[in-house]
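Student: File follows, final34.pdb with PDB, C-alpha atoms:
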```
MODEL        1
ATOM      1  CA  MET A   1     151.560  68.856  88.785
ATOM      2  CA  ASN A   2     149.408  67.086  86.189
ATOM      3  CA  LYS A   3     147.615  65.207  88.980
ATOM      4  CA  ILE A   4     146.784  68.483  90.759
ATOM      5  CA  LEU A   5     145.445  70.017  87.548
ATOM      6  CA  THR A   6     143.356  66.904  86.939
ATOM      7  CA  ILE A   7     141.867  67.033  90.457
ATOM      8  CA  VAL A   8     141.059  70.742  90.082
ATOM      9  CA  ALA A   9     139.392  70.102  86.727
ATOM     10  CA  VAL A  10     137.303  67.268  88.177
ATOM     11  CA  VAL A  11     136.214  69.394  91.148
ATOM     12  CA  MET A  12     135.253  72.283  88.847
ATOM     13  CA  ALA A  13     133.283  69.938  86.602
ATOM     14  CA  VAL A  14     131.422  68.471  89.571
ATOM     15  CA  CYS A  15     130.593  71.942  90.934
ATOM     16  CA  GLN A  16     129.398  73.092  87.520
ATOM     17  CA  ALA A  17     127.220  70.014  87.138
ATOM     18  CA  ALA A  18     125.746  70.520  90.593
ATOM     19  CA  ALA A  19     125.014  74.169  89.862
ATOM     20  CA  THR A  20     123.413  73.247  86.542
ATOM     21  CA  ASP A  21     121.215  70.645  88.248
ATOM     22  CA  SER A  22     120.107  73.123  90.938
ATOM     23  CA  ILE A  23     119.217  75.700  88.313
ATOM     24  CA  ALA A  24     117.384  73.126  86.199
ATOM     25  CA  VAL A  25     115.089  72.048  89.021
ATOM     26  CA  ARG A  26     114.543  75.543  90.416
ATOM     27  CA  PRO A  27     110.781  76.264  90.628
ATOM     28  CA  VAL A  28     109.273  78.318  87.827
ATOM     29  CA  ARG A  29     107.309  81.385  88.969
ATOM     30  CA  PRO A  30     105.006  82.637  86.208
ATOM     31  CA  VAL A  31     103.842  86.253  86.317
ATOM     32  CA  VAL A  32     100.087  86.781  86.644
ATOM     33  CA  SER A  33      99.075  89.973  84.829
ATOM     34  CA  ALA A  34      95.587  91.409  84.527
ATOM     35  CA  TYR A  35      94.159  94.477  82.784
ATOM     36  CA  ALA A  36      90.572  95.469  83.539
ATOM     37  CA  VAL A  37      88.063  98.231  82.859
ATOM     38  CA  GLU A  38      85.524  99.136  85.549
ATOM     39  CA  ILE A  39      82.209 100.964  85.344
ATOM     40  CA  GLY A  40      79.558 101.535  87.983
ATOM     41  CA  SER A  41      78.048 104.008  90.433
ATOM     42  CA  GLY A  42      79.934 106.620  92.424
ATOM     43  CA  HIS A  43      78.943 108.655  95.499
ATOM     44  CA  VAL A  44      80.787 111.743  96.783
ATOM     45  CA  ALA A  45      80.376 113.848  99.923
ATOM     46  CA  ASP A  46      82.945 116.502 100.814
ATOM     47  CA  THR A  47      82.049 119.257 103.254
ATOM     48  CA  TYR A  48      84.912 121.451 102.037
ATOM     49  CA  LEU A  49      83.093 121.758  98.699
ATOM     50  CA  SER A  50      79.435 121.223  99.598
ATOM     51  CA  PRO A  51      77.215 120.003 102.458
ATOM     52  CA  LEU A  52      75.210 117.845 100.024
ATOM     53  CA  ASN A  53      75.683 114.259  98.879
ATOM     54  CA  TYR A  54      76.414 113.770  95.181
ATOM     55  CA  SER A  55      75.735 110.613  93.147
ATOM     56  CA  GLY A  56      76.566 109.548  89.605
ATOM     57  CA  TRP A  57      78.800 107.226  87.618
ATOM     58  CA  THR A  58      82.388 106.047  87.975
ATOM     59  CA  THR A  59      84.862 104.374  85.657
ATOM     60  CA  ALA A  60      88.402 103.108  86.128
ATOM     61  CA  PHE A  61      91.267 101.224  84.538
ATOM     62  CA  SER A  62      93.306  98.815  86.655
ATOM     63  CA  TYR A  63      96.479  96.783  86.256
ATOM     64  CA  GLU A  64      97.475  93.918  88.553
ATOM     65  CA  ARG A  65     100.690  91.891  88.710
ATOM     66  CA  MET A  66     101.246  88.883  90.967
ATOM     67  CA  GLN A  67     104.161  86.460  91.316
ATOM     68  CA  ALA A  68     105.429  83.914  93.822
ATOM     69  CA  MET A  69     108.438  85.242  95.716
ATOM     70  CA  LYS A  70     111.857  83.868  94.811
ATOM     71  CA  PHE A  71     113.011  83.345  98.413
ATOM     72  CA  ASP A  72     110.037  81.088  99.339
ATOM     73  CA  PRO A  73     107.705  80.682  96.339
ATOM     74  CA  ARG A  74     105.417  78.065  97.883
ATOM     75  CA  ARG A  75     104.510  80.260 100.848
ATOM     76  CA  TRP A  76     104.931  83.883  99.767
ATOM     77  CA  ALA A  77     103.598  85.903  96.839
ATOM     78  CA  MET A  78     103.795  89.580  95.874
ATOM     79  CA  GLN A  79     101.154  91.823  94.354
ATOM     80  CA  LEU A  80     101.331  95.137  92.514
ATOM     81  CA  LYS A  81      98.112  96.991  91.703
ATOM     82  CA  VAL A  82      97.628 100.315  89.912
ATOM     83  CA  ASP A  83      94.268 102.063  89.443
ATOM     84  CA  VAL A  84      93.278 105.191  87.515
ATOM     85  CA  GLY A  85      89.714 106.377  88.066
ATOM     86  CA  LEU A  86      87.262 109.117  87.079
ATOM     87  CA  THR A  87      83.886 109.866  88.698
ATOM     88  CA  ARG A  88      81.144 112.335  87.828
ATOM     89  CA  THR A  89      78.361 113.011  90.339
ATOM     90  CA  ASP A  90      75.408 115.438  90.627
ATOM     91  CA  ASN A  91      73.648 116.956  93.618
ATOM     92  CA  PRO A  92      69.997 116.035  94.370
ATOM     93  CA  ALA A  93      68.706 119.036  92.389
ATOM     94  CA  ARG A  94      70.880 118.115  89.362
ATOM     95  CA  ASN A  95      72.118 121.687  89.035
ATOM     96  CA  ALA A  96      75.741 121.155  90.170
ATOM     97  CA  SER A  97      78.368 118.466  89.658
ATOM     98  CA  ILE A  98      81.477 117.165  91.391
ATOM     99  CA  TRP A  99      84.175 115.448  89.376
ATOM    100  CA  ALA A 100      86.647 113.141  91.113
ATOM    101  CA  ALA A 101      89.891 111.853  89.604
ATOM    102  CA  GLY A 102      92.398 109.580  91.304
ATOM    103  CA  LEU A 103      95.564 107.555  90.835
ATOM    104  CA  SER A 104      96.607 104.848  93.286
ATOM    105  CA  GLY A 105      99.400 102.310  93.498
ATOM    106  CA  ARG A 106      99.766  99.444  95.968
ATOM    107  CA  TRP A 107     102.510  96.851  96.523
ATOM    108  CA  GLY A 108     102.600  94.095  99.119
ATOM    109  CA  MET A 109     103.325  90.494 100.035
ATOM    110  CA  MET A 110     101.119  87.748 101.448
ATOM    111  CA  ARG A 111     101.795  84.454 103.222
ATOM    112  CA  ARG A 112      99.812  81.598 101.649
ATOM    113  CA  TRP A 113      98.253  78.409 102.985
ATOM    114  CA  THR A 114      96.812  75.769 100.643
ATOM    115  CA  LEU A 115      94.123  73.556 102.169
ATOM    116  CA  ASP A 116      93.274  69.994 101.205
ATOM    117  CA  ASN A 117      90.091  71.062  99.399
ATOM    118  CA  GLY A 118      92.089  73.263  97.000
ATOM    119  CA  LEU A 119      91.249  76.527  98.744
ATOM    120  CA  THR A 120      94.215  78.894  99.096
ATOM    121  CA  LEU A 121      94.162  81.437 101.922
ATOM    122  CA  ALA A 122      96.616  84.312 102.224
ATOM    123  CA  ALA A 123      97.286  87.195 104.587
ATOM    124  CA  GLY A 124      99.881  89.925 104.690
ATOM    125  CA  GLY A 125     100.554  93.603 104.310
ATOM    126  CA  SER A 126     100.963  96.260 101.660
ATOM    127  CA  THR A 127     101.744  99.933 101.245
ATOM    128  CA  SER A 128      99.754 102.387  99.113
ATOM    129  CA  ILE A 129     100.111 105.844  97.605
ATOM    130  CA  ASN A 130      96.925 107.638  96.562
ATOM    131  CA  LEU A 131      96.686 110.945  94.696
ATOM    132  CA  GLY A 132      93.570 112.713  93.472
ATOM    133  CA  ALA A 133      91.323 115.750  93.451
ATOM    134  CA  LEU A 134      87.666 116.739  93.601
ATOM    135  CA  TYR A 135      86.351 119.552  91.397
ATOM    136  CA  THR A 136      82.962 121.211  91.703
ATOM    137  CA  THR A 137      81.277 123.342  89.083
ATOM    138  CA  ARG A 138      79.412 125.290  91.786
ATOM    139  CA  ASN A 139      82.027 127.154  93.833
ATOM    140  CA  GLY A 140      83.959 130.100  92.474
ATOM    141  CA  ASN A 141      86.629 130.656  95.142
ATOM    142  CA  ASN A 142      87.284 127.067  96.250
ATOM    143  CA  PRO A 143      86.339 124.712  93.414
ATOM    144  CA  VAL A 144      89.002 122.045  94.132
ATOM    145  CA  ALA A 145      89.810 119.740  97.063
ATOM    146  CA  ALA A 146      93.123 117.902  96.752
ATOM    147  CA  LYS A 147      93.533 114.368  98.100
ATOM    148  CA  ALA A 148      96.781 112.567  98.919
ATOM    149  CA  SER A 149      97.771 109.766 101.273
ATOM    150  CA  TRP A 150     100.381 107.154 102.055
ATOM    151  CA  THR A 151      99.201 104.156 104.069
ATOM    152  CA  VAL A 152     100.301 100.782 105.394
ATOM    153  CA  ASN A 153      97.579  98.194 104.937
ATOM    154  CA  ALA A 154      96.436  94.776 106.070
ATOM    155  CA  THR A 155      95.248  92.520 103.270
ATOM    156  CA  ALA A 156      94.025  88.959 102.834
ATOM    157  CA  SER A 157      92.665  86.766 100.081
ATOM    158  CA  ALA A 158      90.883  83.484  99.413
ATOM    159  CA  SER A 159      91.111  81.780  96.031
ATOM    160  CA  ILE A 160      90.084  78.460  94.536
ATOM    161  CA  LYS A 161      90.237  76.847  91.112
ATOM    162  CA  VAL A 162      86.971  75.262  89.995
ATOM    163  CA  ARG A 163      85.385  74.142  86.722
ATOM    164  CA  LEU A 164      82.402  75.913  85.191
ATOM    165  CA  LEU A 165      80.808  74.635  81.978
ATOM    166  CA  GLY A 166      83.949  72.617  81.299
ATOM    167  CA  LYS A 167      86.283  75.603  81.734
ATOM    168  CA  PRO A 168      88.724  76.113  84.632
ATOM    169  CA  VAL A 169      87.867  79.221  86.651
ATOM    170  CA  VAL A 170      89.960  80.904  89.365
ATOM    171  CA  VAL A 171      87.682  82.643  91.881
ATOM    172  CA  ARG A 172      89.337  85.102  94.279
ATOM    173  CA  TYR A 173      88.192  87.536  96.954
ATOM    174  CA  GLN A 174      90.555  90.103  98.483
ATOM    175  CA  PRO A 175      89.841  92.857 101.046
ATOM    176  CA  THR A 176      92.388  95.565 101.905
ATOM    177  CA  LEU A 177      92.206  97.859 104.941
ATOM    178  CA  PRO A 178      94.661 100.696 105.767
ATOM    179  CA  LEU A 179      95.912 100.607 109.368
ATOM    180  CA  THR A 180      98.216 103.616 109.592
ATOM    181  CA  GLY A 181      99.888 106.274 107.494
ATOM    182  CA  ILE A 182      99.567 109.974 106.687
ATOM    183  CA  PHE A 183      97.157 112.003 104.560
ATOM    184  CA  PHE A 184      96.692 115.579 103.364
ATOM    185  CA  SER A 185      93.811 117.814 104.359
ATOM    186  CA  GLN A 186      93.466 121.567 104.455
ATOM    187  CA  GLN A 187      91.800 123.283 107.420
ATOM    188  CA  TYR A 188      88.100 124.139 107.459
ATOM    189  CA  GLY A 189      87.533 127.183 105.232
ATOM    190  CA  GLU A 190      91.228 127.458 104.343
ATOM    191  CA  LEU A 191      91.887 128.730 100.827
ATOM    192  CA  TYR A 192      94.519 127.106  98.649
ATOM    193  CA  TYR A 193      95.753 130.610  97.950
ATOM    194  CA  GLU A 194      96.543 130.901 101.668
ATOM    195  CA  ILE A 195      98.546 127.670 101.432
ATOM    196  CA  TYR A 196     100.362 129.113  98.433
ATOM    197  CA  LEU A 197     101.242 132.213 100.471
ATOM    198  CA  GLY A 198     102.867 130.061 103.177
ATOM    199  CA  ASP A 199     100.137 128.965 105.592
ATOM    200  CA  ARG A 200     101.141 125.289 105.523
ATOM    201  CA  SER A 201     100.800 124.218 109.168
ATOM    202  CA  GLY A 202      98.460 121.358 109.982
ATOM    203  CA  LEU A 203      98.157 120.026 106.430
ATOM    204  CA  VAL A 204      99.534 116.520 107.091
ATOM    205  CA  HIS A 205      97.640 114.270 109.481
ATOM    206  CA  GLY A 206      98.298 110.836 110.916
ATOM    207  CA  ALA A 207      95.962 108.201 109.514
ATOM    208  CA  TRP A 208      94.250 105.428 111.471
ATOM    209  CA  PRO A 209      90.828 103.763 111.045
ATOM    210  CA  GLY A 210      89.258 106.334 113.375
ATOM    211  CA  ASN A 211      89.902 109.312 111.062
ATOM    212  CA  TYR A 212      90.871 107.559 107.832
ATOM    213  CA  PHE A 213      88.729 104.517 107.105
ATOM    214  CA  ALA A 214      89.211 102.905 103.718
ATOM    215  CA  LEU A 215      88.075  99.456 102.640
ATOM    216  CA  ASP A 216      88.746  97.954  99.230
ATOM    217  CA  ASN A 217      86.819  94.795  98.255
ATOM    218  CA  LEU A 218      87.712  92.904  95.087
ATOM    219  CA  LEU A 219      85.909  89.771  93.851
ATOM    220  CA  THR A 220      87.098  88.284  90.544
ATOM    221  CA  ALA A 221      86.525  85.202  88.440
ATOM    222  CA  ASP A 222      89.154  84.400  85.803
ATOM    223  CA  ILE A 223      87.826  82.029  83.122
ATOM    224  CA  LEU A 224      90.854  80.328  81.605
ATOM    225  CA  PHE A 225      91.114  79.821  77.836
ATOM    226  CA  GLY A 226      94.573  78.308  77.594
ATOM    227  CA  ALA A 227      97.244  80.816  78.625
ATOM    228  CA  THR A 228      94.779  83.748  78.573
ATOM    229  CA  ALA A 229      91.748  84.296  80.758
ATOM    230  CA  LEU A 230      88.647  86.458  80.723
ATOM    231  CA  ARG A 231      88.323  88.336  84.015
ATOM    232  CA  VAL A 232      84.948  89.456  85.343
ATOM    233  CA  GLY A 233      84.196  90.697  88.823
ATOM    234  CA  TYR A 234      82.952  93.258  91.300
ATOM    235  CA  HIS A 235      84.954  96.069  92.903
ATOM    236  CA  ASN A 236      83.776  98.079  95.906
ATOM    237  CA  SER A 237      85.757 100.978  97.371
ATOM    238  CA  VAL A 238      84.952 102.998 100.492
ATOM    239  CA  LEU A 239      86.925 105.999 101.778
ATOM    240  CA  SER A 240      85.803 108.044 104.776
ATOM    241  CA  THR A 241      87.944 110.744 106.396
ATOM    242  CA  ARG A 242      87.174 113.099 109.273
ATOM    243  CA  VAL A 243      89.721 115.732 110.292
ATOM    244  CA  SER A 244      89.897 119.519 110.880
ATOM    245  CA  ASN A 245      86.069 119.720 110.977
ATOM    246  CA  LEU A 246      85.963 118.373 107.419
ATOM    247  CA  THR A 247      84.326 115.136 106.319
ATOM    248  CA  THR A 248      84.907 113.273 103.064
ATOM    249  CA  ARG A 249      83.149 110.120 101.851
ATOM    250  CA  LEU A 250      83.904 108.455  98.523
ATOM    251  CA  VAL A 251      82.041 105.228  97.690
ATOM    252  CA  SER A 252      81.967 103.245  94.446
ATOM    253  CA  HIS A 253      80.382 100.002  93.241
ATOM    254  CA  SER A 254      81.755  98.749  89.925
ATOM    255  CA  PHE A 255      81.493  95.831  87.531
ATOM    256  CA  LEU A 256      84.815  94.963  85.927
ATOM    257  CA  ILE A 257      85.824  93.069  82.827
ATOM    258  CA  GLY A 258      89.293  92.460  81.481
ATOM    259  CA  VAL A 259      92.003  90.085  80.341
ATOM    260  CA  SER A 260      94.413  88.156  82.533
ATOM    261  CA  GLY A 261      96.902  85.337  82.213
ATOM    262  CA  GLU A 262     100.090  83.685  83.412
ATOM    263  CA  TRP A 263     103.292  84.526  81.587
ATOM    264  CA  PHE A 264     106.740  82.957  81.850
ATOM    265  CA  SER A 265     109.718  85.284  82.143
ATOM    266  CA  ILE A 266     112.824  83.468  80.883
ATOM    267  CA  ALA A 267     116.293  84.962  80.637
ATOM    268  CA  PRO A 268     118.027  84.659  77.239
ATOM    269  CA  GLY A 269     119.959  81.422  76.935
ATOM    270  CA  HIS A 270     117.975  79.648  79.663
ATOM    271  CA  LYS A 271     115.431  76.884  79.259
ATOM    272  CA  ILE A 272     112.718  75.540  81.548
ATOM    273  CA  SER A 273     113.391  71.999  82.699
ATOM    274  CA  HIS A 274     110.548  69.494  82.382
ATOM    275  CA  GLU A 275     111.286  68.566  86.004
ATOM    276  CA  ALA A 276     110.803  72.128  87.279
ATOM    277  CA  GLU A 277     107.756  72.771  89.484
ATOM    278  CA  VAL A 278     105.463  75.566  88.311
ATOM    279  CA  ILE A 279     104.264  77.643  91.287
ATOM    280  CA  SER A 280     101.384  79.987  90.525
ATOM    281  CA  ALA A 281     100.575  83.114  92.509
ATOM    282  CA  TRP A 282      96.891  82.562  91.724
ATOM    283  CA  TYR A 283      96.329  79.374  93.731
TER
ENDMDL
END
```
Show me, as structure tokens, the structure contained in the file I just sent.
Tutor:
Amino acid sequence: MNKILTIVAVVMAVCQAAATDSIAVRPVRPVVSAYAVEIGSGHVADTYLSPLNYSGWTTAFSYERMQAMKFDPRRWAMQLKVDVGLTRTDNPARNASIWAAGLSGRWGMMRRWTLDNGLTLAAGGSTSINLGALYTTRNGNNPVAAKASWTVNATASASIKVRLLGKPVVVRYQPTLPLTGIFFSQQYGELYYEIYLGDRSGLVHGAWPGNYFALDNLLTADILFGATALRVGYHNSVLSTRVSNLTTRLVSHSFLIGVSGEWFSIAPGHKISHEAEVISAWY
């Protein structure tokens, strides 16, 4: 009996040691977080509100979170991005304005390939939810046009770590293009009061690049100062919809500045082994 207990104890000790070793050498996946403020020019055209093109300024706040995936950290990474924006535009005569406000959230994963020259390429998919509204100071009966969509997108990125004036800099470009989904649009001349009374047919439309074209371009440079980085970049957003004899075009060009960095998330009671490989979602 004592021999059996001894064998069981030895086996348990070996298993525990093996599990401890596997945990100790498990790759570390730091979280890349970035907060940025954007400001630039905005352009609005919405035939439900006005036949004219409006131009003005736009501003936004964005949050981005990236991390290598646990199941295959060297090849796959996830991304979460949230944007809140406000735009004010005027017509050519400067006697009427359109305000645009929006909230969007996007989550996705990308497969990564690291080349010998240090360039990292990635491609994958994401899903987005966008909510917003346009408000014009001109119309009395129909001053608001609501906007809402859910899309499935194709996305890609290219990033590289270089040195500029002695500082490491991560340069990244990422385009995102919706491929399919659904979006809301009222009928031509339809009042929201009519929708409130029950006329709700034909409000949801299938989205594809032919009637819902949206392209998001993001170019950033993160200048690393230790664990924290200064992020500067350019953000371009294009949305063009055509359905129910209504056309909407929203275009923005923005300069962005913010703070980013890599952060380690460690459970209480756990330590990072010096032998553990650190896998960044940046590059």
Student: Apply the PyMOL selection byres ((chain A and resi 167) around 8) to the file shown and report the selected residues as a ChimeraX atom specification.
Tutor: /A:163-166,168-169,223-225
Student: What do you get, as a list in words, if you spell out every residue that the PyMOL selection byres ((chain A and resi 107-123) around 8) selects here?
Tutor: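 That selection, the PyMOL selection byres ((chain A and resi 107-123) around 8), comes back as Arg74, Arg75, Trp76, Ala77, Met78, Gln79, Leu80, Lys81, Gly105, Arg106, Gly124, Gly125, Ser126, Thr127, Ser128, Ala154, Thr155, Ala156, Ser157, Ala158, Ser159, Ile160, Lys161 and Tyr283 of chain A.
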Student: Taking C-alpha atoms for each residue, export the selection above as a PDB file, keeping the file's coordinate frame.
Tutor:
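Final file, result.pdb:
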```
ATOM      1  CA  ARG A  74     105.417  78.065  97.883  1.00  0.00           C
ATOM      2  CA  ARG A  75     104.510  80.260 100.848  1.00  0.00           C
ATOM      3  CA  TRP A  76     104.931  83.883  99.767  1.00  0.00           C
ATOM      4  CA  ALA A  77     103.598  85.903  96.839  1.00  0.00           C
ATOM      5  CA  MET A  78     103.795  89.580  95.874  1.00  0.00           C
ATOM      6  CA  GLN A  79     101.154  91.823  94.354  1.00  0.00           C
ATOM      7  CA  LEU A  80     101.331  95.137  92.514  1.00  0.00           C
ATOM      8  CA  LYS A  81      98.112  96.991  91.703  1.00  0.00           C
ATOM      9  CA  GLY A 105      99.400 102.310  93.498  1.00  0.00           C
ATOM     10  CA  ARG A 106      99.766  99.444  95.968  1.00  0.00           C
ATOM     11  CA  GLY A 124      99.881  89.925 104.690  1.00  0.00           C
ATOM     12  CA  GLY A 125     100.554  93.603 104.310  1.00  0.00           C
ATOM     13  CA  SER A 126     100.963  96.260 101.660  1.00  0.00           C
ATOM     14  CA  THR A 127     101.744  99.933 101.245  1.00  0.00           C
ATOM     15  CA  SER A 128      99.754 102.387  99.113  1.00  0.00           C
ATOM     16  CA  ALA A 154      96.436  94.776 106.070  1.00  0.00           C
ATOM     17  CA  THR A 155      95.248  92.520 103.270  1.00  0.00           C
ATOM     18  CA  ALA A 156      94.025  88.959 102.834  1.00  0.00           C
ATOM     19  CA  SER A 157      92.665  86.766 100.081  1.00  0.00           C
ATOM     20  CA  ALA A 158      90.883  83.484  99.413  1.00  0.00           C
ATOM     21  CA  SER A 159      91.111  81.780  96.031  1.00  0.00           C
ATOM     22  CA  ILE A 160      90.084  78.460  94.536  1.00  0.00           C
ATOM     23  CA  LYS A 161      90.237  76.847  91.112  1.00  0.00           C
ATOM     24  CA  TYR A 283      96.329  79.374  93.731  1.00  0.00           C
TER      25      TYR A 283
END
```
Student: What does the structure give for the distance between atom CA of Ala281 of chain A and atom CA of Tyr234 of chain A, in Å to one decimal?
Tutor: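 These atoms are spaced 20.4 Å apart.
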Student: Please list, as a list in words, the residues that have an atom at most 7 Å away from (88.6, 83.8, 86.9) in the coordinates of this file, counting all atoms listed in the file.
Tutor: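 Returned residue set, sorted by chain then number, is Val169, Val170, Val171, Thr220, Ala221, Asp222, Ile223, Leu224, Ala229, Leu230, Arg231 and Val232 of chain A.
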Student: Find the smallest box with edges along x, y and z containing every listed atom of segment 118-137 of chain A, then add 3 Å on each side and report centre and edge lengths in Å to one decimal, as AutoDock Vina command-line options.
Tutor:
```
--center_x 91.5 --center_y 98.3 --center_z 96.9 --size_x 26.5 --size_y 56.1 --size_z 21.6
```
Student: Between atom CA of Glu38 of chain A and atom CA of Thr87 of chain A, what is the distance, to one decimal in Å?
Tutor: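 About the pair atom CA of Glu38 of chain A and atom CA of Thr87 of chain A: they are 11.3 Å apart.
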Student: Tell me, in Å to one decimal, how far atom CA of Phe71 of chain A is from atom CA of Tyr173 of chain A.
Tutor: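 These two atoms are separated by 25.2 Å.
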Student: Could you tell me which of A:Ser237, A:Ser280, A:Asn139, A:Ser149 comes closest to Leu177 of chain A if we count all atoms listed in the file?
Tutor: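 Looking at the shortest contact to Leu177 of chain A, the residue is A:Ser237.
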Student: May I ask which of the residues A:Leu191, A:Val162, A:Val238, A:Ile257 is the closest one to Thr176 of chain A, counting only C-alpha atoms?
Tutor: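 Residue with the minimum atom-to-atom distance to Thr176 of chain A: A:Val238.
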Student: Compile the contact shell of Thr180 of chain A as a short mmCIF file (atom, residue, chain, number, x, y, z; two decimals) with C-alpha atoms, in the coordinates of the input: residues with an atom at most 10 Å away, counting all atoms listed in the file, same-chain residues fewer than 4 positions apart removed.
Tutor:
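Generated file (out-v1.cif):
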```
data_model
loop_
_atom_site.label_atom_id
_atom_site.label_comp_id
_atom_site.auth_asym_id
_atom_site.auth_seq_id
_atom_site.Cartn_x
_atom_site.Cartn_y
_atom_site.Cartn_z
CA THR A 127 101.74 99.93 101.24
CA TRP A 150 100.38 107.15 102.06
CA THR A 151 99.20 104.16 104.07
CA VAL A 152 100.30 100.78 105.39
CA ASN A 153 97.58 98.19 104.94
CA ALA A 154 96.44 94.78 106.07
CA GLY A 206 98.30 110.84 110.92
CA ALA A 207 95.96 108.20 109.51
CA TRP A 208 94.25 105.43 111.47
CA PRO A 209 90.83 103.76 111.04
CA TYR A 212 90.87 107.56 107.83
CA PHE A 213 88.73 104.52 107.10
#
```
Student: Out of A:Leu250, A:Leu86, A:Val32, A:Leu134, which residue has the shortest atom-to-atom distance to Asn53 of chain A when counting only C-alpha atoms?
Tutor: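 Looking at the shortest contact to Asn53 of chain A, the residue is A:Leu250.
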Student: Could you expand the PyMOL selection byres ((chain A and resi 40) around 10) into the explicit residues it covers here, written as a PyMOL selection string?
Tutor: chain A and resi 38-39+41-42+56-60+87+234-236+252-256
Student: Give me, as number ranges by chain, all polymer residues having an atom no more than 10 Å from Ala100 of chain A, counting all atoms listed in the file and skipping those fewer than 2 positions away in the same chain.
Tutor: A: 42-44, 58, 85-89, 97-98, 102, 132-136, 144-147, 250
Student: Calculated over all atoms listed in the file, which of the candidates A:Leu218, A:Val31, A:Ala96, A:Leu131 has the smallest distance to Pro143 of chain A?
Tutor: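 Ranked by minimum distance to Pro143 of chain A, first place goes to A:Ala96.
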Student: Which is closest to Pro30 of chain A among A:Leu197, A:Val243, A:Ile129, A:Ala68, if we use only C-alpha atoms?
Tutor: A:Ala68
Student: Restricting the calculation to all atoms listed in the file, which member of A:Asp46, A:Gln174, A:Phe184, A:Asp90 is positioned closest to Gly233 of chain A?
Tutor: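 Among the listed residues, the smallest separation from Gly233 of chain A belongs to A:Gln174.
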Student: Pull the neighbourhood of (111.4, 78.3, 90.1) for me: all residues within 8 Å in file coordinates, counting only C-alpha atoms, as JSON, numbers by chain.
Tutor: {"A": [25, 26, 27, 28, 29, 70, 73, 276, 277, 278, 279]}
Student: Which residues come within 10 Å of Ala227 of chain A, counting only C-alpha atoms, excluding same-chain residues fewer than 3 positions away, as a list in words?
Tutor: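 Answer for this query is Leu224, Ser260, Gly261, Glu262 and Trp263 of chain A.
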Student: Generate N, CA and C atoms for segment 69-82 of chain A and emit them as a PDB file, in the coordinates of the input.
Tutor:
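Saved file result05.pdb follows:
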```pdb
ATOM      1  N   MET A  69     107.151  84.657  95.367  1.00  0.00           N
ATOM      2  CA  MET A  69     108.438  85.242  95.716  1.00  0.00           C
ATOM      3  C   MET A  69     109.568  84.236  95.514  1.00  0.00           C
ATOM      4  N   LYS A  70     110.719  84.731  95.113  1.00  0.00           N
ATOM      5  CA  LYS A  70     111.857  83.868  94.811  1.00  0.00           C
ATOM      6  C   LYS A  70     112.395  83.191  96.069  1.00  0.00           C
ATOM      7  N   PHE A  71     112.380  83.900  97.214  1.00  0.00           N
ATOM      8  CA  PHE A  71     113.011  83.345  98.413  1.00  0.00           C
ATOM      9  C   PHE A  71     112.195  82.206  99.027  1.00  0.00           C
ATOM     10  N   ASP A  72     110.888  82.166  98.820  1.00  0.00           N
ATOM     11  CA  ASP A  72     110.037  81.088  99.339  1.00  0.00           C
ATOM     12  C   ASP A  72     108.758  81.043  98.503  1.00  0.00           C
ATOM     13  N   PRO A  73     108.834  80.548  97.265  1.00  0.00           N
ATOM     14  CA  PRO A  73     107.705  80.682  96.339  1.00  0.00           C
ATOM     15  C   PRO A  73     106.460  79.915  96.751  1.00  0.00           C
ATOM     16  N   ARG A  74     106.596  78.847  97.504  1.00  0.00           N
ATOM     17  CA  ARG A  74     105.417  78.065  97.883  1.00  0.00           C
ATOM     18  C   ARG A  74     104.591  78.754  98.956  1.00  0.00           C
ATOM     19  N   ARG A  75     105.216  79.631  99.735  1.00  0.00           N
ATOM     20  CA  ARG A  75     104.510  80.260 100.848  1.00  0.00           C
ATOM     21  C   ARG A  75     104.235  81.744 100.651  1.00  0.00           C
ATOM     22  N   TRP A  76     105.049  82.425  99.863  1.00  0.00           N
ATOM     23  CA  TRP A  76     104.931  83.883  99.767  1.00  0.00           C
ATOM     24  C   TRP A  76     104.721  84.319  98.323  1.00  0.00           C
ATOM     25  N   ALA A  77     103.865  85.324  98.161  1.00  0.00           N
ATOM     26  CA  ALA A  77     103.598  85.903  96.839  1.00  0.00           C
ATOM     27  C   ALA A  77     103.510  87.413  96.967  1.00  0.00           C
ATOM     28  N   MET A  78     103.878  88.121  95.900  1.00  0.00           N
ATOM     29  CA  MET A  78     103.795  89.580  95.874  1.00  0.00           C
ATOM     30  C   MET A  78     102.662  90.015  94.954  1.00  0.00           C
ATOM     31  N   GLN A  79     102.228  91.253  95.172  1.00  0.00           N
ATOM     32  CA  GLN A  79     101.154  91.823  94.354  1.00  0.00           C
ATOM     33  C   GLN A  79     101.415  93.305  94.131  1.00  0.00           C
ATOM     34  N   LEU A  80     101.278  93.727  92.891  1.00  0.00           N
ATOM     35  CA  LEU A  80     101.331  95.137  92.514  1.00  0.00           C
ATOM     36  C   LEU A  80     100.015  95.489  91.844  1.00  0.00           C
ATOM     37  N   LYS A  81      99.397  96.590  92.280  1.00  0.00           N
ATOM     38  CA  LYS A  81      98.112  96.991  91.703  1.00  0.00           C
ATOM     39  C   LYS A  81      98.122  98.501  91.486  1.00  0.00           C
ATOM     40  N   VAL A  82      97.702  98.910  90.287  1.00  0.00           N
ATOM     41  CA  VAL A  82      97.628 100.315  89.912  1.00  0.00           C
ATOM     42  C   VAL A  82      96.229 100.598  89.384  1.00  0.00           C
TER      43      VAL A  82
END
```
